[in-house]
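Data block for upload_31.tsv (TSV, C-alpha atoms):
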```
chain	number	residue	atom	x	y	z
A	122	MET	CA	10.02	-22.20	-11.13
A	123	THR	CA	9.88	-24.17	-7.92
A	124	GLY	CA	13.52	-24.53	-6.99
A	125	TRP	CA	14.87	-24.58	-3.46
A	126	ILE	CA	15.57	-20.83	-3.59
A	127	SER	CA	11.93	-19.97	-4.34
A	128	ASP	CA	10.84	-22.44	-1.63
A	129	PHE	CA	13.18	-20.68	0.78
A	130	MET	CA	11.90	-17.25	-0.27
A	131	ASN	CA	8.26	-18.21	0.27
A	132	HIS	CA	8.72	-18.90	3.99
A	133	PRO	CA	7.85	-16.30	6.65
A	134	ALA	CA	10.53	-13.62	6.89
A	135	THR	CA	12.68	-12.79	9.90
A	136	TYR	CA	12.21	-9.30	11.31
A	137	LEU	CA	14.53	-7.17	13.42
A	138	LYS	CA	12.67	-5.00	15.90
A	139	SER	CA	13.74	-2.29	18.28
A	140	GLY	CA	10.98	-0.18	19.82
A	141	TRP	CA	8.97	1.35	16.99
A	142	PHE	CA	11.61	0.45	14.42
A	143	GLN	CA	11.15	-2.80	12.52
A	144	ILE	CA	12.75	-4.13	9.34
A	145	SER	CA	12.87	-7.48	7.57
A	146	VAL	CA	16.29	-9.05	7.17
A	147	THR	CA	15.75	-9.13	3.39
A	148	ASN	CA	14.99	-5.40	3.21
A	149	LEU	CA	18.04	-4.72	5.39
A	150	VAL	CA	20.24	-6.77	3.05
A	151	VAL	CA	18.91	-4.88	0.01
A	152	ILE	CA	19.46	-1.49	1.69
A	153	VAL	CA	23.00	-2.44	2.78
A	154	LEU	CA	23.75	-3.62	-0.78
A	155	MET	CA	22.51	-0.28	-2.14
A	156	LEU	CA	24.75	1.61	0.31
A	157	ILE	CA	27.75	-0.55	-0.64
A	158	ILE	CA	27.13	0.10	-4.36
A	159	PHE	CA	26.85	3.85	-3.64
A	160	ALA	CA	30.09	3.80	-1.63
A	161	LEU	CA	31.84	1.87	-4.43
A	162	ALA	CA	30.55	4.34	-7.02
A	163	VAL	CA	32.14	7.15	-5.00
A	164	LEU	CA	35.38	5.37	-4.10
A	165	ILE	CA	36.35	3.39	-7.21
A	166	PRO	CA	38.38	5.66	-9.51
A	167	PHE	CA	37.32	6.19	-13.13
A	168	PRO	CA	39.27	4.08	-15.62
A	169	LYS	CA	42.14	6.16	-16.99
A	170	ASP	CA	41.97	6.90	-20.65
A	171	HIS	CA	45.04	8.95	-21.57
A	172	LYS	CA	44.60	8.53	-25.31
A	173	GLU	CA	41.21	10.20	-25.51
A	174	SER	CA	41.85	13.03	-23.08
A	175	LYS	CA	42.97	16.29	-24.48
A	176	LYS	CA	43.37	19.86	-23.43
B	176	MET	CA	20.96	43.50	-16.03
B	177	SER	CA	23.55	44.69	-13.55
B	178	VAL	CA	27.24	44.67	-14.45
B	179	ASN	CA	27.88	41.67	-12.17
B	180	LYS	CA	25.07	39.67	-13.75
B	181	GLU	CA	26.29	40.56	-17.24
B	182	LEU	CA	29.80	39.36	-16.37
B	183	LYS	CA	28.43	36.14	-14.90
B	184	HIS	CA	26.26	35.55	-17.95
B	185	GLU	CA	29.24	36.16	-20.22
B	186	PHE	CA	31.35	33.74	-18.18
B	187	ASP	CA	28.63	31.05	-18.19
B	188	ALA	CA	28.01	31.43	-21.94
B	189	ALA	CA	31.69	31.23	-22.90
B	190	PRO	CA	32.93	27.97	-24.50
B	191	TRP	CA	34.56	25.46	-22.11
B	192	LYS	CA	38.33	25.80	-22.20
B	193	GLY	CA	39.20	23.10	-19.66
B	194	LYS	CA	39.98	19.43	-20.16
B	195	THR	CA	37.50	17.36	-22.21
B	196	LYS	CA	36.93	13.67	-22.65
B	197	ARG	CA	34.95	11.61	-25.16
B	198	TYR	CA	31.94	9.99	-23.55
B	199	ASP	CA	29.32	7.75	-25.11
B	200	PHE	CA	26.00	8.17	-23.32
B	201	ILE	CA	24.19	5.69	-25.60
B	202	LYS	CA	26.85	3.03	-24.95
B	203	GLU	CA	26.59	3.52	-21.18
B	204	GLY	CA	22.77	3.46	-21.33
B	205	VAL	CA	22.75	0.23	-23.35
B	206	ILE	CA	25.27	-1.42	-21.00
B	207	ALA	CA	23.19	-0.41	-17.94
B	208	LEU	CA	19.95	-1.61	-19.57
B	209	VAL	CA	21.40	-4.99	-20.60
B	210	PHE	CA	23.04	-5.48	-17.18
B	211	VAL	CA	19.83	-4.75	-15.27
B	212	MET	CA	17.80	-6.89	-17.69
B	213	VAL	CA	20.10	-9.91	-17.26
B	214	LEU	CA	20.12	-9.40	-13.47
B	215	THR	CA	16.32	-9.12	-13.33
B	216	ILE	CA	15.67	-12.18	-15.49
B	217	GLY	CA	18.36	-14.18	-13.67
B	218	LEU	CA	17.00	-13.36	-10.21
B	219	SER	CA	13.41	-14.00	-11.35
B	220	VAL	CA	14.34	-17.44	-12.65
B	221	LEU	CA	16.26	-18.28	-9.48
B	222	MET	CA	13.93	-16.83	-6.85
B	223	GLY	CA	10.46	-17.02	-8.43
B	224	SER	CA	7.83	-14.66	-7.05
B	225	PRO	CA	5.70	-14.39	-3.89
B	226	ASP	CA	3.36	-17.34	-3.94
B	227	GLU	CA	0.93	-16.97	-1.05
B	228	LYS	CA	-2.20	-19.09	-0.92
B	229	PRO	CA	-5.13	-16.95	-2.12
B	230	LEU	CA	-7.56	-15.60	0.48
B	231	THR	CA	-11.06	-16.83	-0.30
B	232	PHE	CA	-14.50	-16.49	1.27
B	233	LYS	CA	-14.52	-20.27	1.54
B	234	GLY	CA	-11.27	-20.13	3.54
B	235	TRP	CA	-12.71	-17.41	5.78
B	236	ALA	CA	-16.08	-19.10	6.40
B	237	VAL	CA	-14.46	-22.47	7.07
B	238	SER	CA	-11.65	-21.21	9.32
B	239	ASN	CA	-13.67	-18.61	11.25
B	240	SER	CA	-17.36	-19.07	10.47
B	241	ASP	CA	-18.57	-17.02	13.47
B	242	ASN	CA	-16.58	-14.00	12.33
B	243	PHE	CA	-17.93	-14.39	8.78
B	244	TYR	CA	-21.50	-14.70	10.13
B	245	VAL	CA	-21.14	-11.59	12.31
B	246	THR	CA	-19.66	-9.65	9.38
B	247	ALA	CA	-22.63	-10.67	7.20
B	248	VAL	CA	-24.98	-9.31	9.89
B	249	GLN	CA	-22.99	-6.05	9.99
B	250	GLU	CA	-23.33	-5.73	6.21
B	251	LEU	CA	-27.13	-6.09	6.58
B	252	ALA	CA	-27.24	-3.61	9.48
B	253	GLY	CA	-25.03	-1.07	7.71
B	254	THR	CA	-22.45	-1.02	10.51
B	255	SER	CA	-19.52	-2.63	8.66
B	256	GLY	CA	-16.42	-0.73	7.62
B	257	THR	CA	-17.58	-0.57	4.01
B	258	ALA	CA	-21.13	0.48	4.87
B	259	THR	CA	-19.86	3.38	7.02
B	260	TYR	CA	-16.85	4.34	4.86
B	261	GLY	CA	-18.25	7.24	2.86
B	262	ALA	CA	-16.89	8.21	-0.56
B	263	PRO	CA	-16.19	6.74	-3.05
B	264	TYR	CA	-18.54	3.91	-2.03
B	265	ASN	CA	-21.44	5.66	-0.27
B	266	LYS	CA	-22.47	8.81	1.60
B	267	ALA	CA	-22.41	7.28	5.08
B	268	SER	CA	-19.65	9.59	6.34
B	269	ASP	CA	-17.73	12.68	5.29
B	270	GLY	CA	-14.44	10.76	5.25
B	271	LEU	CA	-10.92	12.14	5.66
B	272	ASN	CA	-10.20	15.83	5.78
B	273	ILE	CA	-7.28	18.22	6.16
B	274	GLY	CA	-8.82	21.16	7.98
B	275	PRO	CA	-11.42	22.63	5.63
B	276	LEU	CA	-10.36	20.35	2.76
B	277	TRP	CA	-12.85	17.47	2.67
B	278	LEU	CA	-10.91	15.51	0.04
B	279	GLN	CA	-12.86	12.25	0.22
B	280	LYS	CA	-16.26	13.92	0.24
B	281	TRP	CA	-15.36	16.15	-2.70
B	282	VAL	CA	-14.48	13.16	-4.85
B	283	GLY	CA	-18.03	11.90	-4.33
B	284	VAL	CA	-19.52	8.44	-4.77
B	285	THR	CA	-17.76	7.17	-7.89
B	286	ARG	CA	-17.94	3.44	-7.08
B	287	PRO	CA	-21.29	2.87	-5.36
B	288	ILE	CA	-21.38	-0.16	-3.08
B	289	ASP	CA	-24.57	-1.15	-1.28
B	290	SER	CA	-23.31	-3.56	1.36
B	291	VAL	CA	-26.78	-5.07	1.96
B	292	ASN	CA	-27.53	-5.98	-1.62
B	293	ASP	CA	-24.05	-6.28	-3.12
B	294	PHE	CA	-22.62	-8.46	-0.36
B	295	VAL	CA	-25.59	-10.43	0.96
B	296	ILE	CA	-28.92	-10.29	-0.87
B	297	ASN	CA	-27.75	-10.39	-4.52
B	298	PRO	CA	-25.27	-13.27	-4.01
B	299	LEU	CA	-27.95	-15.26	-2.12
B	300	SER	CA	-30.43	-14.56	-4.92
B	301	THR	CA	-28.17	-16.30	-7.44
B	302	GLN	CA	-28.36	-19.61	-5.55
B	303	VAL	CA	-30.75	-22.51	-5.32
B	304	LEU	CA	-31.60	-22.13	-1.62
B	305	SER	CA	-33.01	-24.42	1.04
B	306	SER	CA	-36.65	-23.69	1.89
B	307	ASP	CA	-35.92	-21.82	5.15
B	308	ILE	CA	-33.30	-19.54	3.56
B	309	ALA	CA	-35.48	-18.99	0.47
B	310	SER	CA	-38.36	-18.08	2.76
B	311	ALA	CA	-36.13	-15.68	4.76
B	312	LEU	CA	-35.01	-14.04	1.51
B	313	ALA	CA	-38.61	-13.64	0.35
B	314	THR	CA	-39.57	-12.12	3.72
B	315	TRP	CA	-36.66	-9.67	3.52
B	316	ASN	CA	-37.45	-8.64	-0.04
B	317	ALA	CA	-41.12	-8.07	0.80
B	318	ALA	CA	-40.42	-5.95	3.92
B	319	ALA	CA	-40.27	-2.16	4.07
B	320	ASP	CA	-36.82	-0.54	4.34
B	321	ALA	CA	-37.49	0.64	7.92
B	322	GLN	CA	-38.47	-2.88	8.97
B	323	LYS	CA	-35.33	-4.37	7.37
B	324	GLN	CA	-33.17	-1.84	9.19
B	325	ALA	CA	-34.93	-2.52	12.51
B	326	TRP	CA	-34.42	-6.30	12.25
B	327	ALA	CA	-30.75	-6.05	11.24
B	328	THR	CA	-29.89	-3.37	13.80
B	329	ALA	CA	-31.58	-5.31	16.62
B	330	TYR	CA	-29.63	-8.46	15.76
B	331	ASP	CA	-26.34	-6.58	15.26
B	332	ASP	CA	-26.78	-4.83	18.64
B	333	ALA	CA	-27.61	-8.14	20.34
B	334	ILE	CA	-24.43	-9.74	18.94
B	335	THR	CA	-22.34	-6.73	19.99
B	336	LYS	CA	-23.77	-6.94	23.53
B	337	VAL	CA	-22.57	-10.53	23.94
B	338	GLU	CA	-19.24	-9.64	22.29
B	339	GLY	CA	-19.79	-11.83	19.27
B	340	LYS	CA	-20.58	-15.01	21.18
B	341	LEU	CA	-23.39	-16.20	18.94
B	342	SER	CA	-24.63	-18.94	21.25
B	343	SER	CA	-25.35	-16.28	23.91
B	344	VAL	CA	-27.54	-14.04	21.73
B	345	PRO	CA	-30.99	-13.83	23.34
B	346	ALA	CA	-34.15	-14.37	21.29
B	347	GLY	CA	-35.53	-11.21	19.72
B	348	ALA	CA	-37.30	-9.57	16.84
B	349	TYR	CA	-34.58	-10.21	14.29
B	350	GLY	CA	-36.87	-11.25	11.43
B	351	PRO	CA	-35.08	-13.15	8.65
B	352	VAL	CA	-31.61	-11.71	9.46
B	353	PRO	CA	-30.18	-14.78	11.28
B	354	ALA	CA	-31.35	-17.08	8.47
B	355	LEU	CA	-29.88	-14.79	5.79
B	356	ALA	CA	-26.53	-14.62	7.61
B	357	LYS	CA	-26.54	-18.40	7.98
B	358	GLY	CA	-27.44	-18.82	4.31
B	359	LEU	CA	-24.54	-16.58	3.25
B	360	THR	CA	-22.14	-18.40	5.60
B	361	ASP	CA	-23.17	-21.77	4.12
B	362	MET	CA	-22.84	-20.35	0.62
B	363	ALA	CA	-19.33	-19.11	1.43
B	364	LYS	CA	-18.34	-22.46	2.98
B	365	ALA	CA	-19.38	-24.19	-0.23
B	366	GLY	CA	-17.17	-21.82	-2.25
B	367	ALA	CA	-20.09	-20.27	-4.14
B	368	LEU	CA	-19.68	-16.72	-2.74
B	369	ASP	CA	-16.25	-16.29	-4.31
B	370	ALA	CA	-17.67	-16.87	-7.78
B	371	ALA	CA	-20.86	-14.85	-7.12
B	372	LEU	CA	-18.96	-11.73	-5.99
B	373	LEU	CA	-16.43	-11.97	-8.79
B	374	SER	CA	-19.04	-12.34	-11.51
B	375	GLN	CA	-19.35	-8.98	-13.28
B	376	GLY	CA	-20.85	-10.11	-16.53
B	377	GLY	CA	-17.68	-9.83	-18.64
B	378	PHE	CA	-15.46	-12.63	-19.92
B	379	PHE	CA	-12.43	-11.46	-17.95
B	380	GLN	CA	-13.00	-10.67	-14.28
B	381	THR	CA	-10.53	-8.07	-13.14
B	382	ASP	CA	-12.44	-5.98	-10.60
B	383	ASN	CA	-11.93	-7.36	-7.07
B	384	THR	CA	-13.20	-4.26	-5.24
B	385	LYS	CA	-16.22	-5.97	-3.67
B	386	GLN	CA	-14.28	-8.99	-2.44
B	387	ILE	CA	-11.52	-6.89	-0.91
B	388	LEU	CA	-13.98	-4.57	0.83
B	389	PHE	CA	-15.99	-7.50	2.20
B	390	PHE	CA	-12.76	-9.18	3.35
B	391	GLY	CA	-11.68	-5.93	4.98
B	392	ASP	CA	-14.88	-5.78	7.05
B	393	GLY	CA	-14.04	-8.99	8.93
B	394	ALA	CA	-11.01	-10.34	10.74
B	395	TYR	CA	-9.79	-12.66	7.97
B	396	LEU	CA	-7.87	-10.15	5.81
B	397	ASP	CA	-6.68	-8.22	8.86
B	398	ASP	CA	-5.30	-11.39	10.48
B	399	ALA	CA	-3.57	-12.39	7.23
B	400	GLY	CA	-2.03	-8.89	6.99
B	401	THR	CA	-0.80	-9.10	10.59
B	402	ALA	CA	0.68	-12.56	10.04
B	403	ALA	CA	2.60	-11.34	6.98
B	404	ASN	CA	3.82	-8.12	8.68
B	405	LEU	CA	1.89	-6.00	6.22
B	406	GLN	CA	0.08	-3.73	8.69
B	407	GLY	CA	0.61	0.01	8.33
B	408	GLY	CA	1.73	0.35	11.95
B	409	THR	CA	4.54	-2.18	11.44
B	410	TRP	CA	6.18	-0.69	8.32
B	411	GLY	CA	3.91	-2.92	6.23
B	412	MET	CA	4.15	-0.61	3.22
B	413	MET	CA	7.83	-1.58	2.93
B	414	ASN	CA	7.24	-5.31	3.27
B	415	GLU	CA	6.41	-8.21	0.99
B	416	THR	CA	5.05	-11.65	1.78
B	417	GLY	CA	7.59	-14.38	2.52
B	418	ARG	CA	11.28	-13.52	2.50
B	419	TYR	CA	11.10	-11.37	-0.61
B	420	PRO	CA	12.37	-7.81	-0.35
B	421	GLY	CA	9.61	-5.22	-0.27
B	422	GLN	CA	9.24	-1.65	-1.39
B	423	ALA	CA	12.16	-0.25	0.61
B	424	TRP	CA	11.89	3.09	-1.20
B	425	LEU	CA	8.55	3.68	0.58
B	426	TRP	CA	10.34	3.91	3.94
B	427	LEU	CA	9.66	7.62	4.35
B	428	TYR	CA	5.96	7.23	3.53
B	429	SER	CA	5.74	4.31	5.98
B	430	PHE	CA	7.82	6.10	8.63
B	431	TRP	CA	5.12	8.64	9.51
B	432	TYR	CA	2.64	5.89	10.38
B	433	GLN	CA	5.01	4.70	13.14
B	434	ILE	CA	5.17	7.94	15.14
B	435	PRO	CA	2.71	10.18	17.00
B	436	PRO	CA	0.33	11.76	16.21
B	437	PHE	CA	-0.08	9.78	12.98
B	438	ASN	CA	-0.08	6.35	14.67
B	439	ASN	CA	-3.00	7.17	16.97
B	440	GLU	CA	-6.35	6.94	15.20
B	441	GLU	CA	-8.08	8.52	18.20
B	442	SER	CA	-5.97	11.67	18.00
B	443	LYS	CA	-7.83	14.47	16.25
B	444	PRO	CA	-7.41	16.03	13.79
B	445	ILE	CA	-4.12	14.52	12.55
B	446	GLY	CA	-4.19	10.90	13.79
B	447	ALA	CA	-7.81	10.40	12.76
B	448	ASN	CA	-6.98	11.68	9.26
B	449	ALA	CA	-3.45	10.26	9.08
B	450	ASP	CA	-3.74	9.05	5.46
B	451	ALA	CA	-4.66	12.51	4.23
B	452	TYR	CA	-2.10	14.36	6.35
B	453	ILE	CA	0.73	11.97	5.40
B	454	MET	CA	-0.19	12.26	1.72
B	455	ALA	CA	-0.02	16.06	2.01
B	456	LEU	CA	3.23	15.92	3.99
B	457	MET	CA	4.84	13.66	1.37
B	458	GLY	CA	3.57	16.01	-1.33
B	459	VAL	CA	5.33	18.93	0.38
B	460	LEU	CA	8.53	16.90	0.85
B	461	SER	CA	8.46	15.75	-2.79
B	462	LEU	CA	8.01	19.37	-3.88
B	463	GLY	CA	11.02	20.21	-1.69
B	464	LEU	CA	13.04	17.53	-3.49
B	465	ILE	CA	12.09	18.97	-6.89
B	466	LEU	CA	12.92	22.50	-5.74
B	467	ILE	CA	16.33	21.67	-4.18
B	468	PRO	CA	18.18	23.75	-6.79
B	469	VAL	CA	16.35	26.91	-5.72
B	470	ILE	CA	15.95	26.48	-1.96
B	471	PRO	CA	18.47	28.75	-0.16
B	472	GLY	CA	20.77	26.76	2.12
B	473	VAL	CA	19.74	23.40	0.67
B	474	LYS	CA	21.08	24.33	-2.77
B	475	SER	CA	24.47	25.12	-1.16
B	476	LEU	CA	24.78	21.70	0.52
B	477	PRO	CA	27.29	20.39	-2.09
B	478	TYR	CA	29.72	23.07	-0.85
B	479	LYS	CA	29.37	21.74	2.71
B	480	ILE	CA	29.13	18.03	1.83
B	481	PRO	CA	31.29	17.76	-1.31
B	482	ILE	CA	30.56	14.17	-2.34
B	483	HIS	CA	30.87	15.23	-5.99
B	484	ARG	CA	34.50	16.20	-5.35
B	485	GLY	CA	35.09	12.63	-4.15
B	486	ILE	CA	33.55	11.18	-7.32
B	487	TRP	CA	35.45	13.58	-9.63
B	488	ARG	CA	38.59	13.71	-7.45
B	489	GLN	CA	40.91	12.79	-10.35
B	490	TYR	CA	39.65	15.80	-12.29
B	491	TYR	CA	39.99	18.17	-9.32
B	492	GLU	CA	43.49	16.84	-8.56
B	493	ALA	CA	44.58	17.10	-12.21
B	494	GLN	CA	43.22	20.62	-12.49
B	495	GLY	CA	44.55	21.64	-9.08
B	496	ILE	CA	41.16	23.01	-8.02
B	497	LYS	CA	41.00	23.46	-4.26
B	498	ARG	CA	37.82	23.52	-2.14
B	499	ARG	CA	36.17	26.90	-2.04
B	500	LYS	CA	36.70	28.53	1.36
B	501	LYS	CA	33.63	30.11	2.92
```
Rewritten as structure tokens:
Amino acid sequence: MTGWISDFMNHPATYLKSGWFQISVTNLVVIVLMLIIFALAVLIPFPKDHKESKK
Amino acid sequence: MSVNKELKHEFDAAPWKGKTKRYDFIKEGVIALVFVMVLTIGLSVLMGSPDEKPLTFKGWAVSNSDNFYVTAVQELAGTSGTATYGAPYNKASDGLNIGPLWLQKWVGVTRPIDSVNDFVINPLSTQVLSSDIASALATWNAAADAQKQAWATAYDDAITKVEGKLSSVPAGAYGPVPALAKGLTDMAKAGALDAALLSQGGFFQTDNTKQILFFGDGAYLDDAGTAANLQGGTWGMMNETGRYPGQAWLWLYSFWYQIPPFNNEESKPIGANADAYIMALMGVLSLGLILIPVIPGVKSLPYKIPIHRGIWRQYYEAQGIKRRKK
């Protein structure tokens, strides 16, 4: 598929650099998304299911 | 078994008397699988895949013919990266080691590559050549091995002395080497070397070892790697061409290549054998990950960092279970 998104993706990436540390913006976005999903998995409560719970 | 251990065993083996809840693992697995599948197919359709222009010998010889020519001479002289690599391609060096463990050497030559014949002479032999190149090839084939080596080494040294500036190379006893290097450069410019190196006799050509090694000996592949931020010293293992996300999970493997002594090839023994040392280090760390449940201190981390209590907080609240005090 040669849509505008794949055209955009096939251009040289932007990199953030500080000393010996370097990361592409895309990798940073993916890592931040993973951290957000992890935080949500911890913070969002389980759906309550009173009917099926029993002592 | 001591009394304490017997009591603990009895406690662990007793049926669960706390709160229970019905839970369908298969349902959750199927939901996760379908969700990831839809996400993967959707993103693939939207974003496509990395679509870099292929690197070819034609592209190399046309864009930087002097570098290609010099690399061809190095292949003939046996001074290229491939020719001096050692196992698994040849016995030119002992390769990487970790102290007394000569890993590369022990594997042996499992994929023999003769840079002179595989990269230069055999490809040239498949072509209809001009009379001067054909004559140079005949001269080379008829010469003794020592003579071939003397010609190629003399020319390679002369090029090195003038730092690759071919027009400044003085006349010398180089035999047919300059003509052979020119013949291979012309062959590459015409696009014939790509096909000659790929040809393995089978219907499907899947083995690109020779091309990649030959590319690696010159500046073409290295420059392309630098341009795409794929070099080891710049977290290249984590990156992908274009704006696509790379292999972020390889960050720890890539991390070691950024810091001393691993990032200094001159530093012996670790920097000079960084690949082997980092592989061993990651092996030890991976073993540590597998053995977390039995490593004292590490196995008690959930008591100190109780993330699980956050996830299951409703259960702990409902049951009134407080944090264990140390």
message: I'd like to know which of B:Ile470, B:Met412, B:Val337, B:Met454 is closest to chain A, using all atoms listed in the file.
response: B:Met412
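Between CA of Thr246 (chain B) and CA of Ser442 (chain B) there is a distance of 26.8 Å.
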message: Counting only C-alpha atoms, a student should be able to say which residues of chain A come within 9 Å of chain B; what is the right answer, written as a PyMOL selection string?
response: chain A and resi 122-136+141-152+162-167+170+173-176
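Across the structure, CA of Lys340 (chain B) and CA of Val303 (chain B) are spaced 29.4 Å apart.
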task: Excluding Asn439 (chain B) and residues on its chain fewer than 6 positions from it, collect all residues at most 10 Å away from it, counting only C-alpha atoms, and give them as JSON, numbers by chain.
output: {"B": [408, 432, 433, 445, 446, 447, 448, 449]}
Counting all atoms listed in the file, the residue of B:Gly350, B:Ala329, B:Gly400, B:Asn272 that sits nearest Ile453 (chain B): B:Asn272
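Note that the spacing between CA of Trp277 (chain B) and CA of Thr259 (chain B) amounts to 16.3 Å.
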query: Neighbours of Leu299 (chain B) within 12 Å (only C-alpha atoms; same-chain residues fewer than 6 positions away dropped), as number ranges by chain?
result: B: 247, 291-293, 305, 308-313, 315-316, 354-363, 367-372
